[in-house]
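Listing of query-v5.txt, compact mmCIF, C-alpha atoms and all ligand atoms
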# COMPACT_ATOMS: atom_id res chain seq x y z
CA MET A 1 -75.70 -76.86 -53.09
CA ALA A 2 -72.79 -79.10 -52.35
CA ILE A 3 -71.90 -82.72 -51.89
CA LEU A 4 -70.22 -83.06 -48.50
CA LYS A 5 -67.62 -85.59 -47.45
CA ILE A 6 -69.04 -88.34 -45.25
CA LYS A 7 -67.26 -89.14 -41.99
CA LYS A 8 -66.31 -92.78 -41.59
CA TYR A 9 -66.57 -95.08 -38.58
CA GLY A 10 -63.62 -94.35 -36.32
CA GLU A 11 -63.87 -90.56 -36.70
CA ASN A 12 -64.56 -88.91 -33.36
CA VAL A 13 -67.36 -86.63 -34.59
CA LEU A 14 -69.62 -89.69 -35.04
CA ARG A 15 -69.39 -90.45 -31.30
CA GLN A 16 -70.27 -86.95 -30.03
CA LYS A 17 -73.65 -85.94 -28.70
CA SER A 18 -75.10 -83.28 -30.99
CA LYS A 19 -76.55 -79.96 -29.84
CA GLU A 20 -80.09 -78.71 -30.37
CA VAL A 21 -80.64 -76.19 -33.15
CA THR A 22 -81.54 -72.88 -31.49
CA LYS A 23 -82.28 -70.90 -34.65
CA ILE A 24 -83.09 -72.11 -38.13
CA SER A 25 -80.67 -69.72 -39.80
CA LYS A 26 -79.72 -69.53 -43.45
CA LYS A 27 -76.56 -71.44 -42.50
CA ILE A 28 -78.64 -74.28 -41.03
CA GLN A 29 -80.88 -74.38 -44.10
CA VAL A 30 -77.84 -74.58 -46.39
CA LEU A 31 -76.54 -77.47 -44.25
CA ILE A 32 -79.90 -79.24 -44.65
CA GLU A 33 -79.88 -78.77 -48.43
CA ASN A 34 -76.36 -80.14 -48.54
CA LEU A 35 -77.36 -83.11 -46.37
CA VAL A 36 -80.18 -83.93 -48.80
CA ASP A 37 -77.89 -83.58 -51.84
CA THR A 38 -75.20 -85.69 -50.17
CA MET A 39 -77.74 -88.39 -49.23
CA TYR A 40 -79.01 -88.64 -52.84
CA HIS A 41 -75.49 -88.54 -54.26
CA ASN A 42 -74.63 -91.61 -52.15
CA ASN A 43 -77.96 -93.41 -52.73
CA GLY A 44 -78.67 -93.25 -49.01
CA VAL A 45 -82.04 -93.59 -47.30
CA GLY A 46 -80.99 -91.16 -44.56
CA LEU A 47 -78.18 -88.94 -43.42
CA ALA A 48 -77.54 -87.20 -40.10
CA ALA A 49 -75.57 -83.98 -39.59
CA PRO A 50 -72.75 -85.61 -37.55
CA GLN A 51 -72.03 -87.78 -40.59
CA VAL A 52 -70.84 -84.65 -42.40
CA GLY A 53 -68.96 -83.39 -39.35
CA GLU A 54 -71.65 -81.12 -37.86
CA ASN A 55 -72.79 -82.00 -34.32
CA VAL A 56 -76.27 -80.48 -34.57
CA ARG A 57 -79.57 -82.31 -34.10
CA ILE A 58 -80.67 -82.62 -37.73
CA PHE A 59 -81.23 -85.60 -40.02
CA VAL A 60 -82.87 -86.18 -43.39
CA ILE A 61 -84.63 -89.28 -44.72
CA ASP A 62 -86.14 -90.28 -48.06
CA VAL A 63 -87.72 -93.73 -48.28
CA THR A 64 -89.25 -93.34 -51.76
CA GLU A 65 -88.42 -95.90 -54.44
CA PRO A 66 -86.00 -94.94 -57.24
CA ASN A 67 -88.91 -94.67 -59.74
CA GLU A 68 -90.87 -92.27 -57.49
CA ALA A 69 -90.47 -88.51 -57.11
CA PRO A 70 -88.01 -87.66 -54.32
CA ASP A 71 -89.69 -86.78 -51.03
CA PRO A 72 -87.12 -85.87 -48.39
CA ILE A 73 -88.30 -85.51 -44.79
CA ILE A 74 -86.29 -83.06 -42.69
CA PHE A 75 -86.06 -83.61 -38.92
CA ILE A 76 -84.73 -80.78 -36.73
CA ASN A 77 -84.48 -81.31 -32.92
CA PRO A 78 -86.41 -84.61 -33.14
CA LYS A 79 -87.88 -86.27 -30.04
CA ILE A 80 -89.08 -89.88 -30.01
CA ILE A 81 -92.38 -89.64 -28.15
CA LYS A 82 -93.48 -93.27 -28.49
CA LYS A 83 -91.77 -96.55 -29.33
CA GLU A 84 -93.14 -100.08 -29.24
CA GLY A 85 -92.75 -103.58 -30.56
CA ALA A 86 -89.49 -105.23 -31.60
CA ILE A 87 -87.98 -106.33 -34.89
CA ASN A 88 -84.62 -107.18 -36.32
CA SER A 89 -83.29 -105.54 -39.41
CA TYR A 90 -80.25 -105.76 -41.68
CA GLU A 91 -78.95 -102.22 -41.84
CA GLY A 92 -76.14 -100.35 -43.46
CA CYS A 93 -74.80 -96.85 -42.91
CA LEU A 94 -73.03 -94.41 -45.22
CA SER A 95 -70.32 -94.13 -42.54
CA PHE A 96 -69.68 -97.90 -42.86
CA PRO A 97 -69.28 -98.36 -46.64
CA GLN A 98 -70.75 -101.63 -47.99
CA MET A 99 -71.34 -103.23 -44.60
CA TYR A 100 -74.74 -104.58 -43.48
CA THR A 101 -75.46 -106.25 -40.18
CA ASN A 102 -78.39 -107.54 -38.13
CA VAL A 103 -79.60 -105.12 -35.46
CA ARG A 104 -82.49 -104.78 -33.02
CA ARG A 105 -85.04 -102.02 -33.46
CA TYR A 106 -88.42 -101.00 -32.18
CA GLU A 107 -91.20 -101.93 -34.58
CA SER A 108 -92.99 -98.58 -34.43
CA VAL A 109 -91.97 -95.08 -33.44
CA LYS A 110 -93.68 -91.73 -33.17
CA VAL A 111 -91.51 -88.64 -33.53
CA LYS A 112 -91.99 -84.94 -33.00
CA ALA A 113 -89.63 -82.56 -34.83
CA LEU A 114 -89.36 -79.25 -36.64
CA ASN A 115 -89.37 -79.07 -40.42
CA PHE A 116 -87.15 -77.01 -42.76
CA ASN A 117 -89.10 -73.86 -41.89
CA GLY A 118 -89.17 -74.51 -38.14
CA LYS A 119 -92.77 -75.71 -38.10
CA PRO A 120 -93.45 -78.58 -35.64
CA PHE A 121 -94.79 -81.86 -37.01
CA VAL A 122 -95.45 -85.37 -35.73
CA ILE A 123 -94.81 -88.49 -37.78
CA GLU A 124 -95.63 -92.08 -36.90
CA ALA A 125 -93.90 -94.99 -38.63
CA ARG A 126 -95.24 -98.46 -37.95
CA ASP A 127 -94.79 -102.19 -38.64
CA GLY A 128 -91.01 -102.19 -38.89
CA SER A 129 -91.23 -100.12 -42.08
CA LEU A 130 -88.10 -98.73 -43.69
CA LEU A 131 -89.15 -95.32 -42.35
CA ALA A 132 -89.51 -96.65 -38.79
CA ARG A 133 -86.07 -98.21 -38.92
CA ALA A 134 -84.42 -95.24 -40.66
CA ILE A 135 -85.77 -92.79 -38.06
CA GLN A 136 -84.23 -94.84 -35.22
CA HIS A 137 -80.94 -95.23 -37.09
CA GLU A 138 -80.61 -91.51 -37.87
CA PHE A 139 -81.86 -90.40 -34.44
CA ASP A 140 -79.09 -92.46 -32.83
CA HIS A 141 -76.45 -90.57 -34.83
CA LEU A 142 -77.45 -87.41 -32.92
CA ASP A 143 -76.47 -89.11 -29.67
CA GLY A 144 -73.24 -90.62 -30.97
CA ILE A 145 -74.81 -94.09 -31.20
CA LEU A 146 -74.08 -96.22 -34.27
CA PHE A 147 -76.05 -99.13 -35.72
CA VAL A 148 -73.38 -101.67 -34.79
CA ASP A 149 -74.04 -100.81 -31.11
CA HIS A 150 -77.41 -102.58 -31.62
CA THR A 151 -75.96 -105.75 -33.14
CA ARG A 152 -77.64 -109.08 -32.48
CA ASN A 153 -74.46 -110.96 -33.31
CA VAL A 154 -71.18 -109.60 -32.01
CA ILE A 155 -69.09 -112.22 -33.79
CA GLU A 156 -70.68 -111.62 -37.20
CA THR A 157 -70.45 -107.84 -36.86
CA SER A 158 -66.82 -108.04 -35.76
CA MET A 159 -65.98 -110.20 -38.77
CA LEU A 160 -67.73 -107.79 -41.14
CA LEU A 161 -65.92 -104.77 -39.70
CA ASP A 162 -62.67 -106.60 -40.23
CA LYS A 163 -63.66 -107.59 -43.77
CA TYR A 164 -64.37 -103.96 -44.72
CA ASN A 165 -61.22 -102.66 -43.01
CA LEU A 166 -63.19 -100.69 -40.44
CA PRO A 167 -62.17 -100.19 -36.80
CA LYS A 168 -63.10 -102.87 -34.30
CA LEU A 169 -66.43 -103.07 -32.51
CA GLU A 170 -66.36 -101.05 -29.28
CA GLU A 171 -67.84 -103.69 -26.99
CA GLU A 172 -68.28 -101.25 -24.11
CA ARG A 173 -70.74 -99.33 -26.31
CA LEU A 174 -72.98 -102.32 -27.06
CA ILE A 175 -76.53 -101.58 -25.92
CA GLN A 176 -78.25 -104.00 -23.55
CA GLU A 177 -81.56 -104.80 -25.26
CA ASP A 178 -82.69 -107.98 -23.53
CA GLU A 179 -86.39 -107.12 -23.78
CA LEU A 180 -86.17 -106.32 -27.48
CA GLU A 181 -84.18 -109.50 -28.10
CA GLN A 182 -86.71 -111.58 -26.19
CA GLU A 183 -89.57 -110.12 -28.19
CA ILE A 184 -87.73 -110.69 -31.48
CA LEU A 185 -87.10 -114.32 -30.53
CA GLU A 186 -90.73 -114.84 -29.55
CA ARG A 187 -92.02 -113.57 -32.87
CA THR A 188 -89.48 -115.39 -35.01
CA PRO A 189 -90.95 -118.79 -35.94
CA SER A 190 -88.73 -121.75 -35.11
CA ASP A 191 -87.57 -124.14 -37.83
CA LYS A 192 -90.11 -126.66 -36.50
CA GLU A 193 -92.97 -124.18 -36.84
CA ILE A 194 -91.89 -123.29 -40.38
CA ALA A 195 -91.75 -127.00 -41.29
CA GLU A 196 -95.18 -127.66 -39.76
CA LYS A 197 -96.72 -124.70 -41.58
CA HIS A 198 -95.18 -125.90 -44.84
CA LEU A 199 -96.57 -129.42 -44.32
CA LYS A 200 -100.02 -128.10 -43.44
CA GLU A 201 -100.14 -125.83 -46.50
CA GLY A 202 -98.97 -128.71 -48.68
CA LYS A 203 -101.82 -130.89 -47.38
CA ASN A 204 -104.37 -128.18 -48.10
CA ASP A 205 -103.29 -128.16 -51.70
CA ASN A 206 -104.09 -131.87 -52.20
ZN ZN A 301 -75.89 -94.20 -40.30

What's the structure tokens form of this structure?
Amino acid sequence: MAILKIKKYGENVLRQKSKEVTKISKKIQVLIENLVDTMYHNNGVGLAAPQVGENVRIFVIDVTEPNEAPDPIIFINPKIIKKEGAINSYEGCLSFPQMYTNVRRYESVKVKALNFNGKPFVIEARDGSLLARAIQHEFDHLDGILFVDHTRNVIETSMLLDKYNLPKLEEERLIQEDELEQEILERTPSDKEIAEKHLKEGKNDN
């Protein structure tokens, strides 16, 4: 059991594509235990192996509330087998201390992976839940993709990186997500719609 040092944005290991795990050895299981301990130590919702300098396809997530018993989910060699819908989400990352920014995500994902003992499982996370968003965030780490690559607002994200003394946004890495953006815009009520709804609800009260 050990708390590992977390790699920060700008370190090369975060931009590498990670390799599949070929054997769930004792060494891999120790890494997983350390990932879980390191995630809890830093009050994180998830942590991926590249964030502790290991380019292997493993991440851990725990979306339980602080007053609930811990319930870490271990993902080894995960595959996203279904993704649908679109949402936006303010996310942070342990590799970007203190910084949160607005990113695009799928609303629901279905993932196949191996657990701590190498047993396959399937998990579905829907409705833009914390789990759905965390799975996408951590999965990206295995391909060297970071949450800022999904930003909805380049100017805001650039300012925040500057504020927290982090390296600049790598604009060539920004992901084109026109369809997701369109869907997010369509489901976000306009100011006029919000005002009309407010008026209507006010009238119903009288
Ligand atoms: Zn992260």

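In this comparison, which uses all atoms listed in the file, the residue of A:Ala125, A:Gln98, A:Ile145, A:Lys27 approaching Asn12 in chain A most closely is A:Ile145.
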
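Proximity to Lys8 in chain A was assessed for A:Ser129, A:Asn165, A:Thr157, A:Ser190 counting all atoms listed in the file; the smallest distance is recorded for A:Asn165.
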
Mind listing the residues within 10 Å of ligand ZN 301 (chain A), only C-alpha atoms and all ligand atoms counted, as a PDB file with C-alpha atoms, keeping the file's coordinate frame?
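Contents of the output file out21.pdb:
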ATOM      1  CA  LYS A   8     -66.310 -92.780 -41.590  1.00  0.00           C
ATOM      2  CA  TYR A   9     -66.570 -95.080 -38.580  1.00  0.00           C
ATOM      3  CA  LEU A  14     -69.620 -89.690 -35.040  1.00  0.00           C
ATOM      4  CA  GLY A  44     -78.670 -93.250 -49.010  1.00  0.00           C
ATOM      5  CA  VAL A  45     -82.040 -93.590 -47.300  1.00  0.00           C
ATOM      6  CA  GLY A  46     -80.990 -91.160 -44.560  1.00  0.00           C
ATOM      7  CA  LEU A  47     -78.180 -88.940 -43.420  1.00  0.00           C
ATOM      8  CA  ALA A  48     -77.540 -87.200 -40.100  1.00  0.00           C
ATOM      9  CA  PRO A  50     -72.750 -85.610 -37.550  1.00  0.00           C
ATOM     10  CA  GLN A  51     -72.030 -87.780 -40.590  1.00  0.00           C
ATOM     11  CA  GLU A  91     -78.950-102.220 -41.840  1.00  0.00           C
ATOM     12  CA  GLY A  92     -76.140-100.350 -43.460  1.00  0.00           C
ATOM     13  CA  CYS A  93     -74.800 -96.850 -42.910  1.00  0.00           C
ATOM     14  CA  LEU A  94     -73.030 -94.410 -45.220  1.00  0.00           C
ATOM     15  CA  SER A  95     -70.320 -94.130 -42.540  1.00  0.00           C
ATOM     16  CA  PHE A  96     -69.680 -97.900 -42.860  1.00  0.00           C
ATOM     17  CA  ALA A 134     -84.420 -95.240 -40.660  1.00  0.00           C
ATOM     18  CA  GLN A 136     -84.230 -94.840 -35.220  1.00  0.00           C
ATOM     19  CA  HIS A 137     -80.940 -95.230 -37.090  1.00  0.00           C
ATOM     20  CA  GLU A 138     -80.610 -91.510 -37.870  1.00  0.00           C
ATOM     21  CA  PHE A 139     -81.860 -90.400 -34.440  1.00  0.00           C
ATOM     22  CA  ASP A 140     -79.090 -92.460 -32.830  1.00  0.00           C
ATOM     23  CA  HIS A 141     -76.450 -90.570 -34.830  1.00  0.00           C
ATOM     24  CA  ILE A 145     -74.810 -94.090 -31.200  1.00  0.00           C
ATOM     25  CA  LEU A 146     -74.080 -96.220 -34.270  1.00  0.00           C
ATOM     26  CA  PHE A 147     -76.050 -99.130 -35.720  1.00  0.00           C
ATOM     27  CA  VAL A 148     -73.380-101.670 -34.790  1.00  0.00           C
TER      28      VAL A 148
END

Counting all atoms listed in the file, what is within 9 Å of Glu177 in chain A, bar same-chain residues fewer than 3 positions away, as number ranges by chain?
A: 104, 150, 180-182

Pick out the residues sitting within 7 Å of Asn102 in chain A, and hand them over as a VMD selection string; count all atoms listed in the file, and ignore anything fewer than 2 positions along from it in its own chain.
chain A and resid 88 to 91 151 to 152

Distance of CA of Asp71 in chain A from CA of Phe121 in chain A, expressed in Å to one decimal place
15.7 Å

Taking all atoms listed in the file into account, name the residue in A:Arg57, A:Lys5, A:Arg126, A:Arg15 that is nearest to Ile28 in chain A.
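Going through A:Arg57, A:Lys5, A:Arg126, A:Arg15 one by one, the smallest distance to Ile28 in chain A is for A:Arg57.
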
Have a look at A:Asn55, A:Thr22, A:Asn153, A:Gln16 and name the one nearest to Leu114 in chain A; count all atoms listed in the file.
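Closest candidate: A:Thr22.
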
Separation of CA of Thr101 in chain A from CA of Ile184 in chain A in Å
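Going from CA of Ile184 in chain A over to CA of Thr101 in chain A, I get 15.7 Å.
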
Work out how far CA of Lys82 in chain A is from CA of Val56 in chain A, in Å to one decimal.
22.3 Å

Between A:Pro97, A:Ala49, A:Leu161, A:Lys112, which residue has the minimum interatomic distance to Val36 in chain A, considering all atoms listed in the file?
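Looking only at the distances to Val36 in chain A, the closest residue turns out to be A:Ala49.
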
Could you model N, CA, C and O atoms for range 1-24 of chain A and present them as a compact mmCIF listing (two decimals), in the frame of the given file?
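This went into out.txt:
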# COMPACT_ATOMS: atom_id res chain seq x y z
N MET A 1 -75.57 -75.41 -52.89
CA MET A 1 -75.70 -76.86 -53.09
C MET A 1 -74.31 -77.48 -53.18
O MET A 1 -73.48 -77.06 -53.96
N ALA A 2 -74.12 -78.47 -52.36
CA ALA A 2 -72.79 -79.10 -52.35
C ALA A 2 -72.90 -80.54 -51.86
O ALA A 2 -73.79 -80.86 -51.07
N ILE A 3 -72.02 -81.35 -52.39
CA ILE A 3 -71.90 -82.72 -51.89
C ILE A 3 -70.81 -82.70 -50.81
O ILE A 3 -69.68 -82.30 -51.09
N LEU A 4 -71.17 -83.11 -49.61
CA LEU A 4 -70.22 -83.06 -48.50
C LEU A 4 -69.53 -84.41 -48.33
O LEU A 4 -70.05 -85.45 -48.76
N LYS A 5 -68.37 -84.37 -47.70
CA LYS A 5 -67.62 -85.59 -47.45
C LYS A 5 -68.23 -86.29 -46.22
O LYS A 5 -68.49 -85.64 -45.21
N ILE A 6 -68.43 -87.59 -46.35
CA ILE A 6 -69.04 -88.34 -45.25
C ILE A 6 -67.97 -88.89 -44.31
O ILE A 6 -66.99 -89.49 -44.75
N LYS A 7 -68.18 -88.64 -43.01
CA LYS A 7 -67.26 -89.14 -41.99
C LYS A 7 -67.42 -90.65 -41.86
O LYS A 7 -68.54 -91.19 -41.90
N LYS A 8 -66.31 -91.33 -41.67
CA LYS A 8 -66.31 -92.78 -41.59
C LYS A 8 -66.18 -93.24 -40.14
O LYS A 8 -65.61 -92.54 -39.30
N TYR A 9 -66.68 -94.44 -39.90
CA TYR A 9 -66.57 -95.08 -38.58
C TYR A 9 -65.12 -94.99 -38.10
O TYR A 9 -64.20 -95.33 -38.85
N GLY A 10 -64.96 -94.55 -36.87
CA GLY A 10 -63.62 -94.35 -36.32
C GLY A 10 -63.35 -92.86 -36.11
O GLY A 10 -62.53 -92.50 -35.28
N GLU A 11 -64.07 -92.01 -36.88
CA GLU A 11 -63.87 -90.56 -36.70
C GLU A 11 -64.68 -90.11 -35.48
O GLU A 11 -65.85 -90.47 -35.31
N ASN A 12 -64.04 -89.30 -34.67
CA ASN A 12 -64.56 -88.91 -33.36
C ASN A 12 -65.92 -88.20 -33.44
O ASN A 12 -66.78 -88.39 -32.57
N VAL A 13 -66.13 -87.42 -34.49
CA VAL A 13 -67.36 -86.63 -34.59
C VAL A 13 -68.61 -87.52 -34.58
O VAL A 13 -69.68 -87.10 -34.13
N LEU A 14 -68.47 -88.77 -35.02
CA LEU A 14 -69.62 -89.69 -35.04
C LEU A 14 -70.01 -90.16 -33.64
O LEU A 14 -71.11 -90.70 -33.46
N ARG A 15 -69.12 -89.98 -32.67
CA ARG A 15 -69.39 -90.45 -31.30
C ARG A 15 -69.78 -89.31 -30.35
O ARG A 15 -69.93 -89.53 -29.16
N GLN A 16 -69.89 -88.09 -30.88
CA GLN A 16 -70.27 -86.95 -30.03
C GLN A 16 -71.78 -86.82 -29.93
O GLN A 16 -72.50 -87.18 -30.87
N LYS A 17 -72.24 -86.26 -28.83
CA LYS A 17 -73.65 -85.94 -28.70
C LYS A 17 -73.88 -84.58 -29.37
O LYS A 17 -73.15 -83.62 -29.09
N SER A 18 -74.86 -84.52 -30.24
CA SER A 18 -75.10 -83.28 -30.99
C SER A 18 -75.97 -82.31 -30.21
O SER A 18 -76.76 -82.70 -29.36
N LYS A 19 -75.81 -81.02 -30.53
CA LYS A 19 -76.55 -79.96 -29.84
C LYS A 19 -77.84 -79.61 -30.58
O LYS A 19 -77.92 -79.70 -31.80
N GLU A 20 -78.82 -79.17 -29.79
CA GLU A 20 -80.09 -78.71 -30.37
C GLU A 20 -79.84 -77.51 -31.28
O GLU A 20 -78.93 -76.71 -31.03
N VAL A 21 -80.68 -77.37 -32.29
CA VAL A 21 -80.64 -76.19 -33.15
C VAL A 21 -81.45 -75.11 -32.43
O VAL A 21 -82.60 -75.34 -32.06
N THR A 22 -80.84 -73.94 -32.22
CA THR A 22 -81.54 -72.88 -31.49
C THR A 22 -82.22 -71.91 -32.45
O THR A 22 -83.20 -71.26 -32.11
N LYS A 23 -81.69 -71.82 -33.67
CA LYS A 23 -82.28 -70.90 -34.65
C LYS A 23 -82.11 -71.52 -36.03
O LYS A 23 -81.02 -71.98 -36.38
N ILE A 24 -83.20 -71.55 -36.78
CA ILE A 24 -83.09 -72.11 -38.13
C ILE A 24 -82.62 -70.99 -39.06
O ILE A 24 -83.40 -70.32 -39.73
